[in-house]
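Report on the structure given below.
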Amino acid sequence: MQKIGLFGGTFDPVHHGHLAVGRAALQQLGFATLYFIPASSPPHKPEQLITPFAHRVAMLRLAVQGEPRFVVSDIEGLRSGPSYTIDTLLQFRRDLGPEADFYFIIGLDAFADLTSWKRYEELLRRTSFVVIARPSHGCRTVAQVVAESFPGYQQEAEGIWGRQGSNRIYALEMEPVPVSSSLIRDRLRQGEPIDDLSPAGVVDYLQRHRLFPAAEKKGGEI
Ligand code: ATP
C-alpha cells in the first residue's frame, strides 16, 4: 500500500498555513504524495464570490514549487456541478488503483460538519481523515468532535481513533500558523502588504493579476 494525502480546500488564495499543514501531515503520516485539490465549485460557498479556478490552480502550482512530494490536482475542475469529495475520492481510486491508501486532510470545523456531506459514511469507509485543529475555530478538540458526531469510534492511541469497518481518524499535530485566505483578501483590498502570508511567487501573481484590488482612491480625497 502507498499512503496518499488528499488536501481539499478553496485555496483562494493558497498561503503559508496550507503549506504548513501539508508539511506536518507529510511528516506525521509519511505520504508518498500529497495532492492539493482546489474545489471548483465548493458546495458550501457561493460560486460567484470565488476567484476563477484557473487562477487558484496557478497559484497553488507556484506555491508547491520545490516541494517534490506536493502535487496540485485539477481533478475538480474537470467535472461540472458541485465538487463533492466522494466523487473526487472515487476518481482518485480509479486513477491510482487498489494499492493507494487514502488520507483526507480536513479542518476541524469542516470535519464537525461532515455528517452533512454527500455519502459521508461511505467517505469514512473509503478514506482515513487527518483533522487539523485550528485555534481560530474555538476550543473544541478533535476528541470532542469524534465523541459527539461519530458514534462507535474508540481511541486507539494518542490522537488516533478507529471503528470496525471504517478507516481511522487522526488528529494532526502542528504549530499554529495564524494565516487565512480571508486575511490575505482583506489586506489586499485595504492595500496592505501580504508578503509574510504566502510564498513570493503567489504574492507576485496576486499583484500581477490584480486579484482582490484595493479600492481606487478618488481624486481630491485627503
Ligand atoms: P478562508 O479564510 O477563505 O475561509 P482558509 O484560509 O480557511 O480560507 P481554505 O482553502 O478554506 O482556506 O482551507 C482549506 C483547509 O485548510 C481547511 O480545512 C482549513 O481549515 C485549513 N486551513 C486553512 N488555513 C489554515 C491554517 N492557517 N492552519 C491550519 N489549517 C488551515
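In the C-alpha cells, chains take letters A, B, ... by order of appearance, with residues numbered from 1 within each chain and ligands from 1 in the order shown.
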*Using only C-alpha atoms and all ligand atoms, find each residue with an atom at most 8 Å away from ligand 1 and format the answer as a ChimeraX atom specification.*
/A:7-18,20-21,38,105-110,132-134,176-183
For range 40-125 of chain A versus range 22-25 of chain A, which residues have an atom no more than 12 Å away, and what is each residue's nearest atom pair and distance in Å rounded to one decimal, using only C-alpha atoms, chain-then-number order, as a Markdown table?
```
| residue | atom | partner | partner_atom | distance |
| --- | --- | --- | --- | --- |
| A:Ala63 | CA | A:Gly22 | CA | 11.5 |
| A:Val64 | CA | A:Gly22 | CA | 10.0 |
| A:Glu67 | CA | A:Arg23 | CA | 9.2 |
| A:Pro68 | CA | A:Arg23 | CA | 11.3 |
| A:Arg69 | CA | A:Arg23 | CA | 9.6 |
| A:Phe70 | CA | A:Gly22 | CA | 7.9 |
| A:Val71 | CA | A:Gly22 | CA | 10.7 |
| A:Val72 | CA | A:Gly22 | CA | 11.8 |
| A:Tyr103 | CA | A:Ala25 | CA | 9.5 |
| A:Phe104 | CA | A:Ala25 | CA | 10.2 |
| A:Ile105 | CA | A:Ala25 | CA | 8.0 |
| A:Ile106 | CA | A:Ala25 | CA | 10.8 |
```
Can you write just those residues out, N, CA and C atoms, as a compact mmCIF listing (two decimals), in the first residue's frame?
```txt
# COMPACT_ATOMS: atom_id res chain seq x y z
N ALA A 63 3.09 27.79 -5.47
CA ALA A 63 3.37 27.59 -4.04
C ALA A 63 4.08 26.27 -3.76
N VAL A 64 3.82 25.24 -4.56
CA VAL A 64 4.41 23.92 -4.25
C VAL A 64 5.74 23.68 -4.97
N GLU A 67 8.82 21.50 -3.64
CA GLU A 67 8.33 20.51 -2.66
C GLU A 67 7.99 19.25 -3.47
N PRO A 68 8.96 18.33 -3.61
CA PRO A 68 8.78 17.24 -4.57
C PRO A 68 7.59 16.33 -4.31
N ARG A 69 7.14 16.24 -3.06
CA ARG A 69 6.02 15.32 -2.80
C ARG A 69 4.65 16.01 -2.81
N PHE A 70 4.64 17.33 -3.07
CA PHE A 70 3.38 18.05 -3.19
C PHE A 70 2.98 18.12 -4.67
N VAL A 71 1.74 17.75 -4.96
CA VAL A 71 1.24 17.79 -6.34
C VAL A 71 -0.10 18.53 -6.32
N VAL A 72 -0.32 19.36 -7.33
CA VAL A 72 -1.62 20.06 -7.44
C VAL A 72 -2.50 19.28 -8.41
N TYR A 103 -5.72 9.34 2.74
CA TYR A 103 -5.86 10.13 3.97
C TYR A 103 -6.37 11.51 3.56
N PHE A 104 -7.58 11.83 3.96
CA PHE A 104 -8.15 13.12 3.57
C PHE A 104 -7.91 14.13 4.69
N ILE A 105 -7.25 15.23 4.36
CA ILE A 105 -6.88 16.25 5.35
C ILE A 105 -7.98 17.30 5.41
N ILE A 106 -8.42 17.63 6.61
CA ILE A 106 -9.61 18.48 6.75
C ILE A 106 -9.51 19.31 8.04
```
*So how far away is CA of Phe36 in chain A from CA of Ser83 in chain A, in Å?*
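Value for the CA of Ser83 in chain A-CA of Phe36 in chain A distance: 14.0 Å.
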*Å distance separating CA of Pro199 in chain A from CA of Ala58 in chain A, one decimal place*: 12.9 Å
_So the first atom is CA of Ala200 in chain A and the second is CA of Asp74 in chain A; what is the distance between them in Å, to one decimal place?_
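Going from CA of Ala200 in chain A over to CA of Asp74 in chain A, I get 22.1 Å.
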If you run DSSP on the backbone here, which positions in range 18-168 of chain A get helix (DSSP H, G or I)? Please write them as a CSV table (one decimal) with C-alpha atoms, in the first residue's frame.
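As written to disk, result.csv reads:
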```csv
chain,number,residue,atom,x,y,z
A,18,HIS,CA,-1.9,25.5,3.9
A,19,LEU,CA,1.8,24.6,3.2
A,20,ALA,CA,2.5,24.1,6.9
A,21,VAL,CA,-0.5,21.7,7.1
A,22,GLY,CA,0.9,19.8,4.1
A,23,ARG,CA,4.4,19.6,5.6
A,24,ALA,CA,3.1,18.5,9.1
A,25,ALA,CA,0.8,15.8,7.5
A,26,LEU,CA,3.6,14.6,5.3
A,27,GLN,CA,5.9,14.3,8.3
A,28,GLN,CA,3.4,12.7,10.7
A,29,LEU,CA,1.9,10.2,8.3
A,47,GLU,CA,-19.5,30.3,-6.6
A,48,GLN,CA,-19.7,33.9,-7.8
A,49,LEU,CA,-17.6,35.1,-4.8
A,53,PHE,CA,-10.5,28.0,-10.7
A,54,ALA,CA,-7.6,28.6,-13.2
A,55,HIS,CA,-6.1,31.4,-11.0
A,56,ARG,CA,-6.3,29.3,-7.8
A,57,VAL,CA,-4.6,26.3,-9.6
A,58,ALA,CA,-1.9,28.5,-11.0
A,59,MET,CA,-1.1,30.0,-7.5
A,60,LEU,CA,-1.0,26.5,-6.0
A,61,ARG,CA,1.4,25.4,-8.6
A,62,LEU,CA,3.7,28.3,-7.8
A,63,ALA,CA,3.4,27.6,-4.0
A,75,ILE,CA,-9.5,17.0,-10.9
A,76,GLU,CA,-12.4,19.0,-9.6
A,77,GLY,CA,-12.2,21.5,-12.5
A,85,THR,CA,-15.5,14.9,-2.1
A,86,ILE,CA,-16.9,11.4,-2.6
A,87,ASP,CA,-16.8,11.8,-6.4
A,88,THR,CA,-13.2,13.1,-6.1
A,89,LEU,CA,-12.2,10.2,-3.9
A,90,LEU,CA,-13.7,7.6,-6.3
A,91,GLN,CA,-11.9,9.2,-9.2
A,92,PHE,CA,-8.6,9.0,-7.3
A,93,ARG,CA,-9.3,5.4,-6.6
A,94,ARG,CA,-9.8,4.7,-10.3
A,95,ASP,CA,-6.7,6.7,-11.2
A,96,LEU,CA,-4.3,5.3,-8.6
A,108,LEU,CA,-11.9,20.6,12.5
A,109,ASP,CA,-14.7,23.0,11.5
A,110,ALA,CA,-15.4,21.1,8.3
A,111,PHE,CA,-14.9,17.8,10.0
A,112,ALA,CA,-17.5,18.6,12.6
A,114,LEU,CA,-19.0,16.1,7.8
A,115,THR,CA,-22.3,14.4,8.6
A,116,SER,CA,-24.0,16.9,6.2
A,120,TYR,CA,-20.3,10.7,4.4
A,121,GLU,CA,-20.5,7.2,5.8
A,122,GLU,CA,-19.0,5.9,2.6
A,123,LEU,CA,-16.3,8.5,2.9
A,124,LEU,CA,-15.4,7.2,6.4
A,125,ARG,CA,-15.2,3.7,4.9
A,126,ARG,CA,-13.0,4.7,1.9
A,135,PRO,CA,-7.2,27.7,17.4
A,136,SER,CA,-9.4,30.2,15.5
A,137,HIS,CA,-12.1,27.5,15.4
A,142,VAL,CA,-10.7,16.6,17.7
A,143,ALA,CA,-11.5,14.1,20.6
A,144,GLN,CA,-14.7,16.0,21.4
A,145,VAL,CA,-15.9,16.2,17.8
A,146,VAL,CA,-15.2,12.4,17.3
A,147,ALA,CA,-17.2,11.6,20.5
A,148,GLU,CA,-20.1,13.9,19.6
A,149,SER,CA,-20.6,13.2,15.9
```
*Closest to Arg189 in chain A among A:Gly165, A:Pro213, A:Gly66, A:Gly201, using only C-alpha atoms?*
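Closest residue, counting only C-alpha atoms: A:Pro213.
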*Using DSSP on the backbone, list every residue of range 1-207 of chain A that comes out as strand (DSSP E), and give them as a PyMOL selection string.*
chain A and resi 2-9+33-38+70-72+100-107+128-132+154-157+160-162+169-172
*Would you mind listing what lies within 8 Å of Arg168 in chain A as a list in words, with only C-alpha atoms counted and same-chain residues fewer than 4 positions away left out?*
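Non-adjacent residues within range: Thr127, Ser128, Phe129, Ile160, Trp161, Gly162 and Arg163 of chain A.
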May I have the residues from that selection written out with N, CA and C atoms, as a PDB file, in the first residue's frame?
```pdb
ATOM      1  N   THR A 127     -11.738   6.352   3.169  1.00  0.00           N
ATOM      2  CA  THR A 127     -10.516   7.124   3.433  1.00  0.00           C
ATOM      3  C   THR A 127     -10.346   7.365   4.926  1.00  0.00           C
ATOM      4  N   SER A 128      -9.094   7.411   5.361  1.00  0.00           N
ATOM      5  CA  SER A 128      -8.825   7.920   6.708  1.00  0.00           C
ATOM      6  C   SER A 128      -9.002   9.434   6.669  1.00  0.00           C
ATOM      7  N   PHE A 129      -9.217  10.046   7.829  1.00  0.00           N
ATOM      8  CA  PHE A 129      -9.283  11.505   7.928  1.00  0.00           C
ATOM      9  C   PHE A 129      -8.156  11.998   8.828  1.00  0.00           C
ATOM     10  N   ILE A 160      -5.460   9.119  17.746  1.00  0.00           N
ATOM     11  CA  ILE A 160      -5.889   8.167  16.713  1.00  0.00           C
ATOM     12  C   ILE A 160      -7.160   7.447  17.187  1.00  0.00           C
ATOM     13  N   TRP A 161      -8.197   7.452  16.327  1.00  0.00           N
ATOM     14  CA  TRP A 161      -9.458   6.774  16.653  1.00  0.00           C
ATOM     15  C   TRP A 161      -9.784   5.770  15.539  1.00  0.00           C
ATOM     16  N   GLY A 162     -10.391   4.648  15.932  1.00  0.00           N
ATOM     17  CA  GLY A 162     -10.743   3.634  14.941  1.00  0.00           C
ATOM     18  C   GLY A 162     -12.119   3.071  15.220  1.00  0.00           C
ATOM     19  N   ARG A 163     -12.709   2.458  14.199  1.00  0.00           N
ATOM     20  CA  ARG A 163     -14.025   1.841  14.320  1.00  0.00           C
ATOM     21  C   ARG A 163     -14.085   0.687  13.325  1.00  0.00           C
TER      22      ARG A 163
END
```
